[in-house]
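Student: The structure under discussion is supplied below as structure tokens; questions concerning it will follow.
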Amino acid sequence: TGGVSGLPLDDSWIHLALARSLAAGDGLAFRPGELVTASTAPLWTALVALVEALPGAPFLPVKLLGALLTLGALAATHRLARALGLGAGLALLAALLFVTSDALLWAALSGMEVPLFALLATLGMALQAEAAAGRRPPGTAPVLLFALAALARPEGLLLLALALAERWALATPGARGRQAAGDLLLAAALLLPVLAAYAAIGGSPLPTTYAAKVGGAGPGLPRLATLYAAFGLLFRSHPLPALLAAGGAVALLARRLEGRRGSLLPALWLAALPLAFATLAGPPRFGNFGRYLFPVYPALAVVAAAALARPAAALAGGGVRRRLAAGALAALVLLPSLPAAGRAGGRYAQSVANVAASDLALARQLAATLPPEALLAAADIGALGYLLPNRIVDLGFLVSPDLAAHVAAAAAAGASRDDALLSFLAAREVDYVATFPAATPLFARRPDLFPPLLRFPVPGNITMVGDELVLYATPWTRHPLAAPERPRSPVP
């Protein structure tokens, strides 16, 4: 990262802030005494809380934790390939596709929950595939892992539902009812306490992030534009595997139709997650760099490898020529993925630099100049919330559900979003607003009311919602900034 310390997303800092509160005994609170449901990954937040309880800065330990979980997910991918009946060569190819996934390489050190989810989900699919092939008793271990995965990412609920349906279909007719009841009880025992806690805290079992990212509209017909965008994300990382995946799904299905036992869960998961996003209202929303789709990359690697089962079988057991042909086939699949993998490190470093130049730079500046009693409104709350003691109004609604309710009520009454936001800030007498003009132009359009105080350009921005972060004063500013010893980026 060129010597720049930090994390590649402001969301990573949000996890740190919530985990610090959890480690201190204050629960999932962004500020002491103010419980929130902003974490879409409560299990990951809990693990990070263990890191926060350690002495010293959490950045290196949380990255090491992500790296270890990624190695576990790699091993689980290889095991899943073998459980689906793929030979040693194809299982190795699936593992190589995993380690050349730019998405998983970036996520490994991101401080986000992707490695944890990938490990739990992929290991669960491997155990279920082994049971489907008759190599182990059905057991409840896969259900346990899938339920835990749902606590690491809400999309895990979809994977859990698919897994339970397949387990029911694979069970003998006489055992289906008993097995389904046990599966549901185990999943409920893990999930219901968290869902009930979220409902008690925020009025909904869903995290505030769901309303902020998706909105209140219900699902509709799948949007082709979203499916196209999802395929484009996978294709840019793994061109040939993205094309081979359909053939791999057909190959796995053909085995079942031929009467051979096996699991279809990886193929179902690979297709179902993009389809689920496509049914949500609005344009494609996959998070920074498409990170909401990152959990399907292990399944993509395995299902794509399954498409080569017949050619691999035809080349097996031969002489040098057949081995060379098998190697050439594997290289043909793998090599187009290498350029994207090679860019993963540069993207990671640039993301860290982008956050450091904007959110982190502002947080460090305000730590030396902002009175602790001042009220701050911000578009990105992670680094500011972690490094500052001030109360924060979240313009993204994650930890300020009262703002979301105010804007929704105002919209129902016919008021514009900007007017609703201004009336809320006025009622709270917010002292300063930190936001990106590209995302929230309201404040840049009214310099008479919101004079800019500090500007933080974001060189080579690929991460933030705009190329410049600005701190504005407000008509209600009561606590002036102190003069810093060494001002950073003042407005000329």
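Chain lettering (A, B, ...) mirrors the order of the structure tokens, residue numbering begins at 1 for each chain separately, and ligand numbering begins at 1 in order of display.
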Using only C-alpha atoms, which residues of segment 234-338 of chain A come within 9 Å of segment 142-164 of chain A, and what is the closest atom pair for each, with the distance in Å to one decimal? Give it as CSV, sorted by chain and residue number.
Tutor:
residue,atom,partner,partner_atom,distance
A:Leu265,CA,A:Ala163,CA,6.6
A:Leu268,CA,A:Leu162,CA,7.5
A:Trp269,CA,A:Leu159,CA,6.3
A:Ala272,CA,A:Leu158,CA,8.0
A:Leu273,CA,A:Glu155,CA,7.5
A:Ala276,CA,A:Leu158,CA,8.5
A:Tyr292,CA,A:Glu155,CA,8.6
Student: Could you please take those selected residues and save N, CA, C and O atoms as a short mmCIF file (atom, residue, chain, number, x, y, z; two decimals), in the first residue's frame?
Tutor:
data_model
loop_
_atom_site.label_atom_id
_atom_site.label_comp_id
_atom_site.auth_asym_id
_atom_site.auth_seq_id
_atom_site.Cartn_x
_atom_site.Cartn_y
_atom_site.Cartn_z
N LEU A 265 -26.02 -27.94 -5.33
CA LEU A 265 -26.08 -26.69 -4.59
C LEU A 265 -25.12 -25.62 -5.12
O LEU A 265 -25.51 -24.45 -5.22
N LEU A 268 -26.73 -24.08 -8.13
CA LEU A 268 -27.93 -23.33 -7.74
C LEU A 268 -27.56 -22.01 -7.11
O LEU A 268 -28.16 -20.97 -7.38
N TRP A 269 -26.56 -22.02 -6.25
CA TRP A 269 -26.11 -20.80 -5.56
C TRP A 269 -25.54 -19.80 -6.56
O TRP A 269 -25.81 -18.60 -6.49
N ALA A 272 -28.56 -18.41 -8.35
CA ALA A 272 -29.62 -17.79 -7.54
C ALA A 272 -29.23 -16.44 -6.99
O ALA A 272 -30.09 -15.55 -6.89
N LEU A 273 -27.98 -16.24 -6.62
CA LEU A 273 -27.62 -14.95 -6.01
C LEU A 273 -27.77 -13.80 -7.00
O LEU A 273 -28.41 -12.80 -6.69
N ALA A 276 -31.43 -13.17 -7.47
CA ALA A 276 -32.05 -12.50 -6.33
C ALA A 276 -31.81 -11.00 -6.39
O ALA A 276 -32.71 -10.19 -6.15
N TYR A 292 -20.75 -7.58 -3.29
CA TYR A 292 -21.86 -8.42 -2.84
C TYR A 292 -21.93 -9.73 -3.61
O TYR A 292 -22.58 -10.69 -3.17
#
Student: So how far away is atom CA of Ala412 of chain A from atom CA of Gly220 of chain A, in Å?
Tutor: 22.0 Å
Student: Just checking: using only C-alpha atoms, which residue out of A:Leu395, A:Ala383, A:Leu119, A:Val465 ends up closest to Ala17 of chain A?
Tutor: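 When distances to Ala17 of chain A are compared using only C-alpha atoms, the smallest one comes from A:Ala383.
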Student: With only C-alpha atoms as the basis for distance, which of A:Arg321, A:His15, A:Arg445, A:Arg20 is at the shortest distance from Pro42 of chain A?
Tutor: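 Going through A:Arg321, A:His15, A:Arg445, A:Arg20 one by one, the smallest distance to Pro42 of chain A is for A:His15.
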